[in-house]
Structure formats: structure tokens, C-alpha cells
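Shown next: query.csv, given as CSV, C-alpha atoms (C1' of nucleotides).
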chain,number,residue,atom,x,y,z
I,1,MET,CA,25.1,-7.2,-67.9
I,2,PRO,CA,21.9,-5.7,-68.6
I,3,GLU,CA,20.3,-3.6,-71.2
I,4,LEU,CA,16.5,-3.6,-71.9
I,5,PRO,CA,16.2,-7.1,-73.3
I,6,GLU,CA,18.2,-8.6,-70.5
I,7,VAL,CA,16.2,-6.7,-67.8
I,8,GLU,CA,13.0,-7.8,-69.6
I,9,THR,CA,14.2,-11.4,-69.5
I,10,VAL,CA,14.8,-11.2,-65.7
I,11,LYS,CA,11.6,-9.4,-65.1
I,12,LYS,CA,9.6,-12.1,-66.9
I,13,GLY,CA,11.3,-14.8,-64.9
I,14,LEU,CA,10.5,-13.0,-61.6
I,15,GLU,CA,6.9,-12.3,-62.6
I,16,ASN,CA,6.2,-15.9,-63.5
I,17,ILE,CA,7.1,-17.1,-60.0
I,18,LEU,CA,6.7,-14.2,-57.6
I,19,VAL,CA,3.3,-12.5,-58.3
I,20,ASN,CA,0.9,-13.1,-55.3
I,21,LYS,CA,3.7,-14.4,-53.1
I,22,ILE,CA,4.4,-12.9,-49.7
I,23,ILE,CA,7.9,-11.7,-48.7
I,24,LYS,CA,8.4,-13.4,-45.4
I,25,GLY,CA,11.8,-11.8,-44.7
I,26,ILE,CA,14.9,-10.3,-46.2
I,27,ASN,CA,18.6,-10.9,-45.5
I,28,LEU,CA,21.3,-8.4,-46.4
I,29,SER,CA,25.0,-8.9,-46.9
I,30,GLY,CA,25.8,-5.6,-45.1
I,31,PHE,CA,27.6,-4.2,-48.2
I,32,SER,CA,26.5,-1.1,-49.9
I,33,LEU,CA,25.5,-1.4,-53.5
I,34,ARG,CA,26.1,1.7,-55.7
I,35,PHE,CA,24.0,3.5,-53.1
I,36,PRO,CA,23.4,2.2,-49.6
I,37,ILE,CA,20.6,-0.3,-49.4
I,38,PRO,CA,17.7,1.7,-47.8
I,39,LYS,CA,17.6,1.2,-44.0
I,40,ASN,CA,13.8,0.6,-44.1
I,41,LEU,CA,13.9,-2.0,-46.9
I,42,VAL,CA,13.6,-5.0,-44.5
I,43,SER,CA,10.9,-3.5,-42.3
I,44,LEU,CA,8.8,-2.0,-45.1
I,45,ALA,CA,8.9,-4.9,-47.6
I,46,SER,CA,8.7,-7.8,-45.1
I,47,GLY,CA,5.2,-9.2,-44.8
I,48,LYS,CA,4.0,-7.5,-48.1
I,49,LYS,CA,2.6,-9.3,-51.0
I,50,ILE,CA,4.1,-8.9,-54.5
I,51,VAL,CA,1.1,-7.6,-56.4
I,52,SER,CA,2.8,-7.2,-59.8
I,53,ILE,CA,6.2,-6.8,-61.4
I,54,GLY,CA,6.9,-4.3,-64.1
I,55,ARG,CA,9.8,-2.8,-66.0
I,56,ARG,CA,10.7,0.7,-67.0
I,57,SER,CA,13.8,1.0,-69.2
I,58,LYS,CA,16.5,-1.0,-67.3
I,59,TYR,CA,14.6,-0.8,-64.0
I,60,ILE,CA,12.6,-3.7,-62.5
I,61,LEU,CA,9.6,-2.5,-60.5
I,62,PHE,CA,8.2,-4.7,-57.7
I,63,ASN,CA,4.7,-3.4,-56.8
I,64,LEU,CA,3.9,-4.6,-53.3
I,65,SER,CA,0.7,-4.4,-51.2
I,66,GLU,CA,0.0,-1.2,-49.3
I,67,ASN,CA,1.4,0.9,-52.2
I,68,ILE,CA,5.0,0.0,-51.5
I,69,SER,CA,7.3,-0.3,-54.6
I,70,LEU,CA,10.8,-1.6,-55.0
I,71,ILE,CA,12.8,0.0,-57.8
I,72,SER,CA,15.7,-2.3,-58.8
I,73,HIS,CA,18.6,-1.6,-61.2
I,74,LEU,CA,21.0,-4.4,-62.0
I,75,GLY,CA,24.0,-2.1,-62.8
I,76,MET,CA,26.6,-4.0,-64.8
I,77,SER,CA,26.7,-7.3,-63.0
I,78,GLY,CA,23.5,-7.6,-60.9
I,79,ASN,CA,21.3,-10.7,-61.2
I,80,TYR,CA,18.4,-12.4,-59.6
I,81,ARG,CA,18.2,-16.1,-59.1
I,82,ILE,CA,15.1,-18.0,-58.1
I,83,LEU,CA,16.1,-21.0,-56.0
I,84,SER,CA,14.0,-24.1,-56.1
I,85,GLN,CA,12.5,-25.3,-52.8
I,86,GLU,CA,15.2,-28.0,-52.6
I,87,GLU,CA,18.0,-25.5,-53.2
I,88,SER,CA,16.5,-23.0,-50.8
I,89,LYS,CA,16.5,-25.5,-47.9
I,90,SER,CA,20.3,-25.8,-47.7
I,91,TYR,CA,21.3,-22.6,-49.4
I,92,LYS,CA,24.3,-20.7,-47.9
I,93,ALA,CA,24.9,-17.2,-49.1
I,94,LYS,CA,27.6,-17.0,-51.7
I,95,LYS,CA,30.1,-14.2,-52.2
I,96,HIS,CA,28.4,-11.1,-53.6
I,97,ASP,CA,24.9,-12.3,-52.6
I,98,HIS,CA,23.6,-8.9,-51.3
I,99,ILE,CA,19.9,-9.4,-50.9
I,100,ILE,CA,18.1,-12.6,-50.2
I,101,PHE,CA,14.3,-12.6,-50.2
I,102,GLN,CA,12.6,-15.3,-48.2
I,103,PHE,CA,9.3,-16.6,-49.3
I,104,GLU,CA,7.1,-19.3,-47.8
I,105,ASP,CA,9.1,-22.2,-49.2
I,106,PHE,CA,11.8,-20.8,-51.5
I,107,LYS,CA,14.3,-17.9,-51.8
I,108,VAL,CA,15.3,-15.3,-54.4
I,109,VAL,CA,18.9,-14.1,-54.4
I,110,TYR,CA,20.2,-10.8,-55.7
I,111,ASN,CA,23.9,-11.3,-56.5
I,112,ASP,CA,26.0,-8.4,-57.8
I,113,PRO,CA,29.9,-8.8,-57.9
I,114,ARG,CA,30.6,-5.2,-59.0
I,115,ARG,CA,27.9,-3.6,-56.8
I,116,PHE,CA,26.9,-1.1,-59.5
I,117,GLY,CA,23.3,-2.1,-59.0
I,118,TYR,CA,21.0,-0.4,-56.6
I,119,ILE,CA,17.5,-0.7,-55.0
I,120,PHE,CA,15.1,2.0,-53.9
I,121,ILE,CA,11.9,1.6,-51.9
I,122,THR,CA,9.1,4.1,-52.1
I,123,ASP,CA,5.5,4.5,-51.0
I,124,LYS,CA,4.8,6.9,-53.9
I,125,ASP,CA,4.2,6.1,-57.6
I,126,PRO,CA,7.6,4.7,-58.8
I,127,LYS,CA,7.1,6.6,-62.1
I,128,ASP,CA,7.6,9.8,-60.1
I,129,HIS,CA,10.9,8.6,-58.6
I,130,ARG,CA,13.8,10.7,-59.6
I,131,SER,CA,15.5,7.7,-61.3
I,132,ILE,CA,12.5,7.0,-63.5
I,133,ALA,CA,10.9,10.4,-64.1
I,134,CYS,CA,13.8,11.7,-66.2
I,135,LEU,CA,13.8,8.7,-68.6
I,136,GLY,CA,13.0,9.2,-72.3
I,137,PRO,CA,10.7,6.9,-74.2
I,138,GLU,CA,11.7,3.3,-74.7
I,139,PRO,CA,12.0,1.3,-77.9
I,140,MET,CA,8.7,-0.3,-79.1
I,141,SER,CA,6.6,2.0,-76.9
I,142,ASN,CA,3.9,4.2,-78.4
I,143,ASN,CA,5.7,7.4,-77.7
I,144,PHE,CA,8.9,6.3,-79.4
I,145,ASN,CA,8.9,7.6,-82.9
I,146,GLU,CA,11.0,9.6,-85.4
I,147,ALA,CA,9.3,12.9,-84.4
I,148,ILE,CA,10.5,12.7,-80.9
I,149,LEU,CA,14.0,11.7,-82.0
I,150,ALA,CA,14.1,14.5,-84.5
I,151,LYS,CA,13.2,16.9,-81.7
I,152,SER,CA,16.0,15.7,-79.6
I,153,PHE,CA,18.5,15.6,-82.4
I,154,TYR,CA,17.6,19.0,-84.0
I,155,LYS,CA,20.7,21.2,-84.3
I,156,LYS,CA,22.7,19.1,-81.8
I,157,GLU,CA,26.3,18.3,-82.4
I,158,ARG,CA,26.8,15.1,-80.4
I,159,PRO,CA,27.8,11.9,-82.1
I,160,VAL,CA,24.8,9.6,-82.6
I,161,LYS,CA,26.5,6.9,-80.6
I,162,ASN,CA,26.6,9.1,-77.5
I,163,ALA,CA,23.1,10.4,-78.0
I,164,LEU,CA,21.6,6.9,-78.1
I,165,LEU,CA,23.3,6.0,-74.9
I,166,ASP,CA,21.6,9.1,-73.2
I,167,GLN,CA,18.7,7.6,-71.3
I,168,THR,CA,16.9,10.9,-71.2
I,169,ILE,CA,16.6,10.8,-75.0
I,170,ILE,CA,15.8,7.2,-75.4
I,171,SER,CA,15.9,4.8,-72.5
I,172,GLY,CA,16.8,1.1,-72.4
I,173,LEU,CA,19.6,1.0,-74.9
I,174,GLY,CA,23.2,0.3,-73.8
I,175,ASN,CA,26.5,-0.2,-75.6
I,176,ILE,CA,25.7,-3.4,-77.3
I,177,TYR,CA,22.3,-2.5,-78.8
I,178,VAL,CA,23.4,1.0,-79.8
I,179,CYS,CA,26.3,-0.5,-81.8
I,180,GLU,CA,24.1,-3.2,-83.4
I,181,ALA,CA,21.3,-0.7,-84.3
I,182,LEU,CA,23.7,1.7,-85.9
I,183,PHE,CA,25.3,-1.1,-88.0
I,184,ARG,CA,21.8,-2.3,-89.1
I,185,SER,CA,21.0,1.3,-90.0
I,186,LYS,CA,24.3,1.8,-91.9
I,187,ILE,CA,24.9,5.0,-89.8
I,188,ASN,CA,28.5,5.9,-88.7
I,189,PRO,CA,28.6,6.1,-84.9
I,190,LYS,CA,30.6,9.4,-85.2
I,191,LYS,CA,27.9,11.1,-87.3
I,192,LYS,CA,26.5,14.2,-85.6
I,193,ILE,CA,22.9,13.9,-84.8
I,194,LYS,CA,21.8,17.1,-86.4
I,195,GLN,CA,22.7,15.5,-89.8
I,196,LEU,CA,19.8,13.1,-89.3
I,197,VAL,CA,17.3,15.9,-89.2
I,198,TYR,CA,16.2,18.4,-91.9
I,199,SER,CA,16.6,22.1,-91.2
I,200,ASN,CA,12.8,22.3,-90.9
I,201,GLY,CA,13.1,19.9,-87.9
I,202,SER,CA,11.6,16.8,-89.6
I,203,ALA,CA,13.3,13.4,-89.5
I,204,LYS,CA,15.4,12.3,-92.5
I,205,ASN,CA,14.8,8.9,-93.9
I,206,SER,CA,18.0,7.7,-92.2
I,207,LEU,CA,16.5,8.6,-88.8
I,208,ILE,CA,13.3,6.7,-89.5
I,209,ILE,CA,15.4,3.7,-90.5
I,210,LEU,CA,17.4,4.1,-87.2
I,211,LYS,CA,14.2,4.1,-85.2
I,212,ASN,CA,12.9,1.0,-87.0
I,213,GLU,CA,16.2,-0.9,-86.5
I,214,ILE,CA,16.3,0.0,-82.8
I,215,ASN,CA,12.9,-1.5,-82.4
I,216,GLU,CA,13.9,-4.5,-84.4
I,217,VAL,CA,17.1,-5.3,-82.6
I,218,ILE,CA,15.4,-5.0,-79.2
I,219,LYS,CA,12.5,-7.2,-80.3
I,220,GLU,CA,14.8,-9.9,-81.6
I,221,SER,CA,16.9,-9.9,-78.5
I,222,ILE,CA,14.0,-10.2,-76.2
I,223,LEU,CA,12.8,-13.2,-78.2
I,224,LEU,CA,16.2,-14.9,-77.7
I,225,GLY,CA,16.3,-14.2,-74.0
I,226,GLY,CA,18.8,-11.3,-74.2
I,227,SER,CA,22.6,-11.5,-74.6
I,228,SER,CA,24.8,-13.5,-72.3
I,229,LEU,CA,28.3,-12.1,-71.9
I,230,LYS,CA,30.4,-13.1,-69.0
I,231,ASP,CA,27.9,-13.4,-66.2
I,232,PHE,CA,24.4,-12.7,-67.5
I,233,SER,CA,21.8,-15.4,-67.0
I,234,ASN,CA,18.1,-15.4,-66.4
I,235,THR,CA,16.4,-16.2,-63.1
I,236,GLU,CA,16.9,-19.9,-63.7
I,237,GLY,CA,20.6,-19.4,-64.3
I,238,LYS,CA,20.2,-20.0,-68.1
I,239,MET,CA,21.9,-18.0,-70.7
I,240,GLY,CA,20.4,-15.9,-73.5
I,241,TYR,CA,21.2,-16.4,-77.1
I,242,PHE,CA,21.3,-13.0,-78.8
I,243,GLN,CA,25.1,-12.7,-78.4
I,244,ASN,CA,25.4,-15.3,-81.2
I,245,THR,CA,23.8,-12.8,-83.6
I,246,PHE,CA,26.0,-9.8,-83.0
I,247,SER,CA,27.1,-8.2,-86.2
I,248,VAL,CA,29.7,-5.8,-84.7
I,249,TYR,CA,29.8,-5.8,-80.9
I,250,GLY,CA,32.9,-7.5,-79.7
I,251,ARG,CA,34.0,-8.3,-83.3
I,252,GLU,CA,37.0,-6.1,-83.7
I,253,GLY,CA,39.3,-7.3,-86.5
I,254,GLU,CA,36.7,-9.8,-87.8
I,255,LEU,CA,35.1,-9.6,-91.2
I,256,CYS,CA,32.0,-7.4,-91.7
I,257,VAL,CA,29.0,-9.6,-92.1
I,258,SER,CA,27.5,-7.6,-95.0
I,259,LYS,CA,27.5,-9.4,-98.3
I,260,ASP,CA,30.1,-8.0,-100.7
I,261,CYS,CA,31.9,-6.2,-97.9
I,262,ASP,CA,35.6,-7.1,-97.3
I,263,GLN,CA,36.2,-4.7,-94.4
I,264,LYS,CA,37.1,-5.6,-90.9
I,265,ILE,CA,35.1,-4.4,-87.9
I,266,VAL,CA,36.9,-1.5,-86.1
I,267,ARG,CA,36.8,-0.6,-82.5
I,268,ILE,CA,37.1,3.1,-81.5
I,269,VAL,CA,36.5,4.8,-78.1
I,270,GLN,CA,33.8,7.4,-77.8
I,271,SER,CA,33.2,9.1,-74.4
I,272,GLY,CA,35.4,6.4,-72.9
I,273,ARG,CA,33.3,3.5,-74.2
I,274,SER,CA,34.1,1.1,-77.0
I,275,THR,CA,32.2,1.5,-80.2
I,276,PHE,CA,32.3,-1.3,-82.9
I,277,TYR,CA,31.4,-0.5,-86.5
I,278,CYS,CA,32.2,-1.2,-90.1
I,279,PRO,CA,33.8,1.9,-91.7
I,280,LYS,CA,32.7,0.9,-95.2
I,281,CYS,CA,29.1,0.1,-94.5
I,282,GLN,CA,28.4,2.8,-92.0
I,283,LYS,CA,28.5,6.3,-93.5
Y,284,DA,C1',22.7,24.6,-71.4
Y,285,DT,C1',25.2,20.8,-73.2
Y,286,DC,C1',28.3,17.3,-73.1
Y,287,DC,C1',32.3,14.7,-71.5
Y,288,DC,C1',35.0,12.5,-68.0
Y,289,DC,C1',35.4,10.1,-64.0
Y,290,DA,C1',34.3,7.4,-60.1
Y,291,DC,C1',32.0,3.7,-58.3
Y,292,DC,C1',33.6,-2.0,-57.8
Y,293,DT,C1',35.3,-6.9,-58.8
Y,294,DG,C1',36.9,-10.3,-61.8
Y,295,DG,C1',38.6,-12.2,-66.0
Y,296,DC,C1',41.9,-12.2,-69.5
Y,297,DC,C1',46.3,-11.2,-71.7
Y,298,DG,C1',51.1,-10.5,-72.0
Y,299,DC,C1',55.5,-10.5,-69.8
X,300,DT,C1',52.5,-19.4,-61.4
X,301,DG,C1',52.3,-14.6,-60.6
X,302,DC,C1',51.7,-9.9,-61.3
X,303,DG,C1',50.5,-5.7,-63.6
X,304,DG,C1',47.6,-3.6,-66.9
X,305,DC,C1',43.5,-3.3,-69.3
X,306,DC,C1',38.8,-4.3,-70.2
X,307,DA,C1',33.7,-4.9,-69.1
X,308,DG,C1',26.6,-4.8,-70.3
X,309,DG,C1',25.5,1.6,-66.4
X,310,DT,C1',24.8,5.8,-64.2
X,311,DG,C1',25.0,10.4,-61.9
X,312,DG,C1',27.7,14.2,-60.3
X,313,DG,C1',31.1,17.5,-61.3
X,314,DG,C1',33.3,20.4,-64.2
X,315,DA,C1',34.7,22.3,-68.8
Would you mind writing the file out in C-alpha cells?
Amino acid sequence: MPELPEVETVKKGLENILVNKIIKGINLSGFSLRFPIPKNLVSLASGKKIVSIGRRSKYILFNLSENISLISHLGMSGNYRILSQEESKSYKAKKHDHIIFQFEDFKVVYNDPRRFGYIFITDKDPKDHRSIACLGPEPMSNNFNEAILAKSFYKKERPVKNALLDQTIISGLGNIYVCEALFRSKINPKKKIKQLVYSNGSAKNSLIILKNEINEVIKESILLGGSSLKDFSNTEGKMGYFQNTFSVYGREGELCVSKDCDQKIVRIVQSGRSTFYCPKCQK
DNA sequence: ATCCCCACCTGGCCGC
DNA sequence: TGCGGCCAGGTGGGGA
């Protein structure tokens, strides 16, 4: 499922309902997620109030009372559902429901078929957690700019597609938004990143365009509630709409959307992952 | 040091 | 209808 816009959508849904609520109890399926669920999750989080809910990159951060934080990653197929009071009364855990949070009069269910998601609990600043500390700046944040990209791209040989998926360079993008941002920027995904930087280390215009298009595609997707492919939905079980606006992702063999372009979208594999692009528009 | 590959899982879809 | 193969939004560890 989830890249930055989808995680932001889930985070907002949780924030609307859960802030100032007290976790009365937690039920676990007994399965491990990508990592084992922390043994002290139930004892440490139960009885705590949810003070605030934040997001860093693709992580949802639950800030609880007494300086406890939950750090939640949705992996590929993780999702939170907030059950209504009525649903909560008779709810029986479904297959792949791995964590059920009990509140006074309703429940929140974490469901994750592929179990690539994970959750950590910490009594320290979550920003210092090893999963968060290494993340690069994220789109639309103050410290995301062409200078920092130019620094990361300077004299490096990697294809730009791979570099944009590297969460230590820029965090929050995944396969969909990288493909879409490169199309909007008219940059070939195979292009080596050093070619976007002048030999004096400053950003070429194409890199500035790329930075702007990354911000734009993320902003637009958040406004539409993210992209729903297969199983992504928000905390109410509703779908996002951004998938209807894809220019290249999942469009192999279909016509390029650019005016005056007669090319078909191509799928290649880079570092084991599908890349979709227009060979004519993206140079 | 840098970068790629693979494993971690289940389920859905396609072709035979 | 069934089965095998392939594909999927992410990440971190190991190895080249």
C-alpha cells in the first residue's frame, strides 16, 4: 500500500478520532509482523492516553502519555480501521487482524495480510529511533530543496529511479510517486544522478524541476486521499482517488498522456522493481 | 563506501 | 475448476 500520501491519509484519520483517548487494552494475533511485536507493547501502552499522532516519512508516530511512543510502519499491506461503536460491540477478529486497540467504547484494528508492517515502542524521542534517525528530508518540508539533492547526487552513478527510492536521500517516496514524478519532470528513470548536477556541485535546472514535481505530485495525492490499489483504504475503509490520475504507473502498453506523443508506456525492471515511463518524453 | 539483490509474506490474477 | 507462475505500494541485511 503505502507511500507518504497514503500514510498521511491514515494518520489524519487516526488523529481525528484517537487524540485524547485512552488505550484500555490491546489484543494481539500472536503472529510476528516483519519483526516480532514488542513483548512490552501491551503492558506499556495499556492505560496510556494518546496525546498526539504524527507522521515521519512512511511512519505513523503515536505519542502517548508518560513519554511512550509507538512507531508504526504499514509495510506493503498494513492498514488501520476505526470501528464504529456499533461494529465494535460484536466485532470478531478477522484473518490478518494482528493488533486490536480497545478504547472506552470502540476499537481500532491493525490488519496486515503480508505482515511486512511493523511496530516499535520506545520511551525515548522517536526521532532518535534507528528507523527514523537515518531518514532523509521529505517532500514539502523546509529542508527538502535542490541543494540537498545536488549534494546527494554529486558525482554519483546510480540511476535516478533508484536514488529517489533511497529513503536516506529523500524519504516518503515509493515506486508509484517516483515513476510519476520522473514522468512529470521528463527525466528518464535510467539517467545517472550525476547528470542532474553541474561539475561545480550546483543543481541543474532539470533537478530543480524534479524537486518541484515531487512536491507537486505528493501534494496532489494527499488532497485526493492517496492512491488505492488492491487493498489500500483509509481508516473508514474508503478508497483514495489519486490512482485515477496516474500518467505512467501501471500503464504498460497504454498511450502516453502527453499531447502530441504517440508512444506507448514501457515497463522495465530496475533493482528488481518495475519502472514505468515514456521513452519519448523522458530523456 | 556504494549499490544491488534477496528475503520477508499472502493473495490475486493470468494462462494453461 | 485447479494449479503453477508471476506480480505487488517497503525495508534492511548481506555481499559484491
Please list, as a PDB file with C-alpha atoms, in the frame of the given file, the residues that have an atom at most 12 Å away from (12.6, 14.5, -68.3) in the coordinates of this file, counting all atoms listed in the file.
ATOM      1  CA  LYS I 127       7.100   6.600 -62.100  1.00  0.00           C
ATOM      2  CA  ASP I 128       7.600   9.800 -60.100  1.00  0.00           C
ATOM      3  CA  HIS I 129      10.900   8.600 -58.600  1.00  0.00           C
ATOM      4  CA  ARG I 130      13.800  10.700 -59.600  1.00  0.00           C
ATOM      5  CA  SER I 131      15.500   7.700 -61.300  1.00  0.00           C
ATOM      6  CA  ILE I 132      12.500   7.000 -63.500  1.00  0.00           C
ATOM      7  CA  ALA I 133      10.900  10.400 -64.100  1.00  0.00           C
ATOM      8  CA  CYS I 134      13.800  11.700 -66.200  1.00  0.00           C
ATOM      9  CA  LEU I 135      13.800   8.700 -68.600  1.00  0.00           C
ATOM     10  CA  GLY I 136      13.000   9.200 -72.300  1.00  0.00           C
ATOM     11  CA  PRO I 137      10.700   6.900 -74.200  1.00  0.00           C
ATOM     12  CA  SER I 152      16.000  15.700 -79.600  1.00  0.00           C
ATOM     13  CA  ASP I 166      21.600   9.100 -73.200  1.00  0.00           C
ATOM     14  CA  GLN I 167      18.700   7.600 -71.300  1.00  0.00           C
ATOM     15  CA  THR I 168      16.900  10.900 -71.200  1.00  0.00           C
ATOM     16  CA  ILE I 169      16.600  10.800 -75.000  1.00  0.00           C
ATOM     17  CA  ILE I 170      15.800   7.200 -75.400  1.00  0.00           C
ATOM     18  CA  SER I 171      15.900   4.800 -72.500  1.00  0.00           C
TER      19      SER I 171
END
Practice prompt. Kindly determine which residues of chain I lie within 9 Å of chain Y, considering only C-alpha atoms (C1' of nucleotides), and give the answer as a list in words.
Written response: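 Matching residues, ligands excluded from the count: Arg34, Pro113, Arg114, Arg115, Phe116, Arg158, Lys230, Ser271 and Gly272 of chain I.
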Practice prompt. Taking all atoms listed in the file into account, report as a list in words which residues of chain I lie within 10 Å of chain X.
Written response: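 For chain I, the answer reads Met1, Pro2, Glu3, Glu6, Arg34, Lys58, His73, Leu74, Gly75, Met76, Ser77, Phe116, Gly117, Ser131, Leu165, Gln167, Gly174, Asn175, Ile176, Tyr177, Ser227, Ser228, Leu229, Lys230, Asp231, Phe232, Arg273 and Ser274 of chain I.
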Please write the residues from the selection above to a file, keeping C-alpha atoms, as an mmCIF file, in the frame of the given file.
data_model
loop_
_atom_site.group_PDB
_atom_site.id
_atom_site.type_symbol
_atom_site.label_atom_id
_atom_site.label_comp_id
_atom_site.auth_asym_id
_atom_site.auth_seq_id
_atom_site.Cartn_x
_atom_site.Cartn_y
_atom_site.Cartn_z
ATOM 1 C CA MET I 1 25.100 -7.200 -67.900
ATOM 2 C CA PRO I 2 21.900 -5.700 -68.600
ATOM 3 C CA GLU I 3 20.300 -3.600 -71.200
ATOM 4 C CA GLU I 6 18.200 -8.600 -70.500
ATOM 5 C CA ARG I 34 26.100 1.700 -55.700
ATOM 6 C CA LYS I 58 16.500 -1.000 -67.300
ATOM 7 C CA HIS I 73 18.600 -1.600 -61.200
ATOM 8 C CA LEU I 74 21.000 -4.400 -62.000
ATOM 9 C CA GLY I 75 24.000 -2.100 -62.800
ATOM 10 C CA MET I 76 26.600 -4.000 -64.800
ATOM 11 C CA SER I 77 26.700 -7.300 -63.000
ATOM 12 C CA PHE I 116 26.900 -1.100 -59.500
ATOM 13 C CA GLY I 117 23.300 -2.100 -59.000
ATOM 14 C CA SER I 131 15.500 7.700 -61.300
ATOM 15 C CA LEU I 165 23.300 6.000 -74.900
ATOM 16 C CA GLN I 167 18.700 7.600 -71.300
ATOM 17 C CA GLY I 174 23.200 0.300 -73.800
ATOM 18 C CA ASN I 175 26.500 -0.200 -75.600
ATOM 19 C CA ILE I 176 25.700 -3.400 -77.300
ATOM 20 C CA TYR I 177 22.300 -2.500 -78.800
ATOM 21 C CA SER I 227 22.600 -11.500 -74.600
ATOM 22 C CA SER I 228 24.800 -13.500 -72.300
ATOM 23 C CA LEU I 229 28.300 -12.100 -71.900
ATOM 24 C CA LYS I 230 30.400 -13.100 -69.000
ATOM 25 C CA ASP I 231 27.900 -13.400 -66.200
ATOM 26 C CA PHE I 232 24.400 -12.700 -67.500
ATOM 27 C CA ARG I 273 33.300 3.500 -74.200
ATOM 28 C CA SER I 274 34.100 1.100 -77.000
#
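Atom CA of I:Ser141 lies 20.4 Å from atom CA of I:Phe62.
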Item to complete: Would you mind reading off the distance between atom CA of I:Cys281 and atom CA of I:Lys186, one decimal, in Å?
Response: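 Interatomic distance here is 5.7 Å.
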Worksheet item: Hey, can you check how far atom CA of I:Val51 sits from atom CA of I:Leu14?
Response: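 The value is 12.0 Å.
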Discussion item. I'd like the neighbourhood of I:Ser247 as JSON, numbers by chain, where a residue qualifies if any of its atoms comes within 8 Å (using all atoms listed in the file), though same-chain residues fewer than 4 positions away should be ignored.
Written reply: {"I": [180, 183, 251, 256, 257]}
Let me know the centre plus edge lengths, in Å and rounded to one decimal, of a box with edges along x, y and z that contains all listed atoms of chain Y and is padded by 6 Å on every side, as JSON.
{"center_x": 39.1, "center_y": 6.2, "center_z": -65.5, "size_x": 44.8, "size_y": 48.8, "size_z": 27.4}
